[in-house]
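Student: Structure provided below as structure tokens; questions to follow.
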Amino acid sequence: MRGGVEKQWLLDNVEKYILIRGFLGAYFMDDADIIRKWAGCEEVYSIMDCYESYFTEILSTEYFDANRERFISVRNLLADDISKRSMDAFIHAKIQGECDEIRDVAVLPQYFFCDAPWKYLENDVLFDCGAFNGDSIAAFLKLRGDAYDSIIACEPDEKNYADLLAYIEKNRIRDVRTYPVGIYDRQAQLSFAQQGDMMSSISDQGEMLVHVDSIDHISGEKKITLIKMDIEGSEMKALEGAVHTIKRDRPILMISAYHKRDDIFNIYEFVNELVADYDFYFRCHKPMTVDAVLYAVPRERVQ
């Protein structure tokens, strides 16, 4: 979909075809615009359709109706209008499979975007759960530069962890502690589906064992001011292993809320009952039903 020689060959030689979105910019284009610009294109699909079908839970109309009050309670207590519109668009897309509304509210990059309604600190300590290859750290550093204290990065997938170490070394990132572990509610060894990409996850179907540990244990006495979490459906377990840290340090929480159909209200209810005076925000970071994040921010850090 980038155009150029490949596009011209396709237009010259193929009468009818199906296009699959293969890069981020294409996700912000309407299907109708793509079909209009690519003569002969009959349908448009996404390489993320596989992920959304197999790695996230379906949100049906029946499930939403059965839990309507919990969804609506979170939605009405979100702290700004874009959060409410983003949650509306996300739920509509999950149920109806139509992502046009998400395109209007999606913001980049994920987690560390400009004009966020909270303030960062010169002594921020980032705890990155599911650090992957360092992509979130890169976004954090692009936004904050050298204005931070330190980073703790955890990644259980062997290939991802090697890529993470290579990124840190190549870019000479300072004050980073890395751990080749998954984040959970306790120390243990659990089944792990290792993919070598962002889809690796703790899973009963996993073919290997991986070490897991809790945020409370790893952080120890270190004050944590930011917790970012994208761990393929283990977010609630990880939060249960971070109770002491959250209550003691009152960090900003950046928690992926799209893997499971009950993530939005379960994460909200857990954090809201655990700590007082937090405001909640919701953002979609791709124009599809992945990379939706619930942000919990202590009011003393709201701008």
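Chains: A, B, ... in order of the structure tokens. Residues: from 1 per chain. Ligands: from 1, in order shown.
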Enumerate as a ChimeraX atom specification all residues of range 53-260 of chain A assigned to alpha helix (DSSP H) by DSSP on the backbone, naming them with the chain letters and numbers the document uses.
Tutor: /A:53-54,61-66,68-77,81-96,100-105,135-144,158-170,215-219,235-240,243-249
Student: Can you list, as a list in words, all residues belonging to range 24-109 of chain A that DSSP tags as strand (DSSP E or B)?
Tutor: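 Those residues are Cys41, Glu42, Glu43, Val44, Tyr45 and Ser46 of chain A.
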Student: Between A:Lys223, A:Thr289, A:Leu253, A:Tyr258, single out the one closest to Gln96 in chain A, counting only C-alpha atoms.
Tutor: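 Selected residue with least distance to Gln96 in chain A: A:Thr289.
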Student: Compile a residue-level contact table for range 107-128 of chain A against range 215-219 of chain A at a cut-off of 12 Å, reporting for every qualifying residue the shortest atom pair and its distance in Å to one decimal, with only C-alpha atoms counted, rows ordered by chain and ascending number, as CSV.
Tutor:
```
residue,atom,partner,partner_atom,distance
A:Val125,CA,A:Ser219,CA,10.2
A:Leu126,CA,A:Ser219,CA,10.6
A:Phe127,CA,A:Ile215,CA,8.2
A:Asp128,CA,A:Ile215,CA,9.9
```
Student: Pick from A:Ala162, A:Ile91, A:Ile231, A:Cys41: nearest to Tyr63 in chain A, with only C-alpha atoms counted?
Tutor: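 Counting only C-alpha atoms, the residue closest to Tyr63 in chain A is A:Ile91.
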Student: Hey, what's within 10 Å of Val302 in chain A if we count only C-alpha atoms and toss same-chain stuff fewer than 2 positions away? As a VMD selection string, please?
Tutor: chain A and resid 116 to 120 252 278 to 279 297 to 300
